Protein chains: 2
Amino acid sequence: MNIQAPSIDLFHEMRVELALVEQRVLEASAIDLPVVSTMVSDIVSNTGKRLRPVILLLSARAFEPNLEAAITASAGIELLHTASLVHDDSIDRADVRRGQPTLNTQLSSSAVILIGDYLFAKSAMLAAATNSTRVVSIFAATLGELCDGQLREMMHARQLDQDRADYDKRIWGKTASLFAGSAEMGAVIGNAPESLITELRSFGGDLGMAFQIIDDVLDLREGTQTLGKPSANDLRQGIVTLPTMYFAESLPVGSPNRDALLGIVEGDITDEDTIQDIVLQIRASGVIDRAEADARLFADSARSRLRMVEDSETRRLLEATLDLTLERIS
Amino acid sequence: MNIQAPSIDLFHEMRVELALVEQRVLEASAIDLPVVSTMVSDIVSNTGKRLRPVILLLSARAFEPNLEAAITASAGIELLHTASLVHDDSIDRADVRRGQPTLNTQLSSSAVILIGDYLFAKSAMLAAATNSTRVVSIFAATLGELCDGQLREMMHARQLDQDRADYDKRIWGKTASLFAGSAEMGAVIGNAPESLITELRSFGGDLGMAFQIIDDVLDLREGTQTLGKPSANDLRQGIVTLPTMYFAESLPVGSPNRDALLGIVEGDITDEDTIQDIVLQIRASGVIDRAEADARLFADSARSRLRMVEDSETRRLLEATLDLTLERIS
């Protein structure tokens, strides 16, 4: 399957809109405090692939394009995502993300909290600037789902026995809600019919679920070099992801492997040899493939939601965002 | 001056609306996660005098009352205030507020960040539920000002030499912006004429400036018992408030008192005897009276903004909120 091509296409075709989003993000987050100003512009520049803006822009473009509102909302959703990463890094005290040092390595935790709050504020101002109460409602509900997911992750941390429903709720809130909200906002801005708004929201949600499962798979499958952050980071923090959950289910109670896994998740075992040994066993057990298959199921569901999108060019580009998400597991 | 009576009046006269705000706050912040749920309802119940909702409700009542929207916005502003207190406690690692242990004494800092974020999300959802893009814009702008004020406080911490303009900007953002936003939202919900919206916003802002100066005065003037938190808490954290700024200006460079004050603010001197000695000198120096006079100036300005409010009953109650604010310094 050739999946490199569409992703390159996607960002080429969206480059004008993405440059406008970039500019809006920088303008909106500008602050007249010398030191903070540099930090904030570094944070908002050093982000990923702007997948959420791409989904929002395309969901709007499928119907009546209203570029100004779509750019504003996209900048809002990107800043919301950035704000949540800032707080998230503070929560897991991550020192490296995307191969770059996080704010934690440079700043007090107070500053990290405040800068995250500041970015939340700016994202809310952008949502308000769309002048659409419906967009603002989706924005606020998305922020609520995001926090719910993060609280669930915290409440379930350091517990080995969890069920799939818990995991799905957590990753919905933490990740998929933002993709679902982006697609929904875009469709609302584009004045799509209600049935299409629902379908596009589901497209975003399914894509987001696939995205997070793949993230969780990569954390266990790849080495530190590839990830740009320590391998098996989730496991070290006691976050039980889908492959770990499947692996735990396969181990008899009282077996040495289960005891070792339990010790790592509960934080009692921290020595590198035991962690590396368990990671190797997870990789050899087949649970990685099983979780990848789950991600593909969500991706298939996402793809099926696009049938109702009539504009073939937009549909092709939305399919390309999905290919780009799946690309990481191939 | 008899200032007890109007304040008691105020809460009696507003009791029906305040009970509805209380209920809306509790409903909006409900969460179906066992442990977090109890914490959140404890936080939102254990708050102060609901001054911001009172100002919002009265500012709406002065014109066309729209009780439903005013209650919703009041609950939103109260949750925004609560969220900022939660993060603020985390930032200054305060263990006691309003005589009660803060979340810091019970929880990890991660949980405190997330619970604050969750309350921010819920407050934004309430603002959105007013279905007024203008109310949402004021809400988002207020959140931005709040963060700006807190970032300024952080950037200026541990520096003795500051000017009044810095102080005013900080306390505007940190405190007055919420009162200004409450009054403005209320007036907008009440469909007040533009000139009145501006006047009421200024009323709220001036009242808020007086409120924060009084808070800063009390921190130095009162003992731990009265405050419900350690006395001279700001000074211990290197936050230079108005009385301390005036006191510093009065001390010759190189004098032993200035060196001691500098050491405390910069965090090099932490022994209780030196701190107590400087606090006693601040109290004896007359700077407390000078700062109190500044607070009264803001209160006078706030009072003058009310001349344009035609409904005499509402004006009387808005004046009572001002009396209640000043009550604390008498």
# chains A, B, ... in the order shown; residues from 1 in each chain; ligands from 1
>>> interface_residues(of="chain B", to="chain A", cutoff="6 Å", atoms="only C-alpha atoms", output="JSON, numbers by chain")
{"B": [91, 110, 118, 121, 124, 125, 128, 131, 133, 137, 140, 143, 144, 147]}
>>> residues_around(residues="Ser41 in chain B", least_positions_apart="4", cutoff="8 Å", atoms="only C-alpha atoms", output="number ranges by chain")
B: 26, 29-30, 37, 45
>>> select_by_dssp(residues="range 19-119 of chain A", states="helix (DSSP H, G or I)", output="number ranges by chain")
A: 19-29, 34-45, 51-61, 67-92, 103-105, 109-119
>>> residues_around(residues="Phe298 in chain A", least_positions_apart="6", cutoff="12 Å", atoms="only C-alpha atoms", output="list of chain:residue names")
A:Asp168, A:Trp172, A:Ala176, A:Ser202, A:Phe203, A:Gly204, A:Gly205, A:Asp206, A:Leu207, A:Gly208, A:Met209, A:Ala210, A:Phe211, A:Gln212, A:Ile213, A:Ile214, A:Ala291, A:Glu292, A:Ser304, A:Arg305, A:Leu322, A:Thr325, A:Leu326
>>> write_last_selection(atoms="N, CA and C atoms", output="PDB file, in the first residue's frame")
ATOM      1  N   ASP A 168     -11.437   3.102  26.171  1.00  0.00           N
ATOM      2  CA  ASP A 168     -12.082   3.850  25.092  1.00  0.00           C
ATOM      3  C   ASP A 168     -12.556   5.224  25.570  1.00  0.00           C
ATOM      4  N   TRP A 172     -11.040   8.600  24.084  1.00  0.00           N
ATOM      5  CA  TRP A 172     -12.005   9.497  23.437  1.00  0.00           C
ATOM      6  C   TRP A 172     -11.785  10.922  23.960  1.00  0.00           C
ATOM      7  N   ALA A 176      -9.605  11.786  20.872  1.00  0.00           N
ATOM      8  CA  ALA A 176     -10.594  11.752  19.780  1.00  0.00           C
ATOM      9  C   ALA A 176     -11.543  12.946  19.831  1.00  0.00           C
ATOM     10  N   SER A 202     -18.402  12.112  13.534  1.00  0.00           N
ATOM     11  CA  SER A 202     -18.030  10.710  13.756  1.00  0.00           C
ATOM     12  C   SER A 202     -16.737  10.365  13.020  1.00  0.00           C
ATOM     13  N   PHE A 203     -16.583  10.906  11.800  1.00  0.00           N
ATOM     14  CA  PHE A 203     -15.333  10.711  11.057  1.00  0.00           C
ATOM     15  C   PHE A 203     -14.152  11.174  11.918  1.00  0.00           C
ATOM     16  N   GLY A 204     -14.257  12.385  12.441  1.00  0.00           N
ATOM     17  CA  GLY A 204     -13.176  12.939  13.269  1.00  0.00           C
ATOM     18  C   GLY A 204     -12.929  12.071  14.499  1.00  0.00           C
ATOM     19  N   GLY A 205     -14.018  11.665  15.149  1.00  0.00           N
ATOM     20  CA  GLY A 205     -13.897  10.848  16.358  1.00  0.00           C
ATOM     21  C   GLY A 205     -13.223   9.510  16.079  1.00  0.00           C
ATOM     22  N   ASP A 206     -13.659   8.848  15.008  1.00  0.00           N
ATOM     23  CA  ASP A 206     -13.064   7.547  14.662  1.00  0.00           C
ATOM     24  C   ASP A 206     -11.589   7.701  14.298  1.00  0.00           C
ATOM     25  N   LEU A 207     -11.294   8.735  13.511  1.00  0.00           N
ATOM     26  CA  LEU A 207      -9.899   8.991  13.149  1.00  0.00           C
ATOM     27  C   LEU A 207      -9.071   9.224  14.421  1.00  0.00           C
ATOM     28  N   GLY A 208      -9.643   9.982  15.357  1.00  0.00           N
ATOM     29  CA  GLY A 208      -8.950  10.278  16.608  1.00  0.00           C
ATOM     30  C   GLY A 208      -8.697   9.035  17.452  1.00  0.00           C
ATOM     31  N   MET A 209      -9.682   8.134  17.483  1.00  0.00           N
ATOM     32  CA  MET A 209      -9.509   6.878  18.227  1.00  0.00           C
ATOM     33  C   MET A 209      -8.360   6.076  17.607  1.00  0.00           C
ATOM     34  N   ALA A 210      -8.356   5.977  16.258  1.00  0.00           N
ATOM     35  CA  ALA A 210      -7.274   5.268  15.564  1.00  0.00           C
ATOM     36  C   ALA A 210      -5.935   5.932  15.881  1.00  0.00           C
ATOM     37  N   PHE A 211      -5.921   7.254  15.837  1.00  0.00           N
ATOM     38  CA  PHE A 211      -4.710   8.028  16.089  1.00  0.00           C
ATOM     39  C   PHE A 211      -4.118   7.694  17.462  1.00  0.00           C
ATOM     40  N   GLN A 212      -4.984   7.665  18.498  1.00  0.00           N
ATOM     41  CA  GLN A 212      -4.471   7.433  19.854  1.00  0.00           C
ATOM     42  C   GLN A 212      -4.027   5.983  20.042  1.00  0.00           C
ATOM     43  N   ILE A 213      -4.771   5.026  19.468  1.00  0.00           N
ATOM     44  CA  ILE A 213      -4.349   3.619  19.598  1.00  0.00           C
ATOM     45  C   ILE A 213      -2.973   3.449  18.943  1.00  0.00           C
ATOM     46  N   ILE A 214      -2.790   4.088  17.778  1.00  0.00           N
ATOM     47  CA  ILE A 214      -1.488   4.003  17.099  1.00  0.00           C
ATOM     48  C   ILE A 214      -0.390   4.639  17.966  1.00  0.00           C
ATOM     49  N   ALA A 291      -3.727  -4.740  18.628  1.00  0.00           N
ATOM     50  CA  ALA A 291      -4.094  -3.331  18.832  1.00  0.00           C
ATOM     51  C   ALA A 291      -4.077  -2.572  17.501  1.00  0.00           C
ATOM     52  N   GLU A 292      -3.101  -2.901  16.643  1.00  0.00           N
ATOM     53  CA  GLU A 292      -3.061  -2.252  15.324  1.00  0.00           C
ATOM     54  C   GLU A 292      -4.319  -2.568  14.531  1.00  0.00           C
ATOM     55  N   SER A 304     -15.773   5.051   6.145  1.00  0.00           N
ATOM     56  CA  SER A 304     -17.153   4.828   5.686  1.00  0.00           C
ATOM     57  C   SER A 304     -18.031   6.066   5.912  1.00  0.00           C
ATOM     58  N   ARG A 305     -17.651   6.921   6.887  1.00  0.00           N
ATOM     59  CA  ARG A 305     -18.430   8.139   7.163  1.00  0.00           C
ATOM     60  C   ARG A 305     -18.335   9.144   6.019  1.00  0.00           C
ATOM     61  N   LEU A 322      -6.667  10.495   6.805  1.00  0.00           N
ATOM     62  CA  LEU A 322      -6.790   9.174   7.416  1.00  0.00           C
ATOM     63  C   LEU A 322      -5.561   8.319   7.067  1.00  0.00           C
ATOM     64  N   THR A 325      -2.710   9.285   9.127  1.00  0.00           N
ATOM     65  CA  THR A 325      -2.804   8.754  10.492  1.00  0.00           C
ATOM     66  C   THR A 325      -2.327   7.302  10.530  1.00  0.00           C
ATOM     67  N   LEU A 326      -2.751   6.529   9.526  1.00  0.00           N
ATOM     68  CA  LEU A 326      -2.397   5.107   9.487  1.00  0.00           C
ATOM     69  C   LEU A 326      -0.938   4.882   9.099  1.00  0.00           C
TER      70      LEU A 326
END
>>> residues_around(residues="Asn191 in chain A", least_positions_apart="4", cutoff="10 Å", atoms="only C-alpha atoms", output="JSON, numbers by chain")
{"A": [60, 61, 62, 63, 64, 65, 66, 185, 186, 187, 196, 197]}
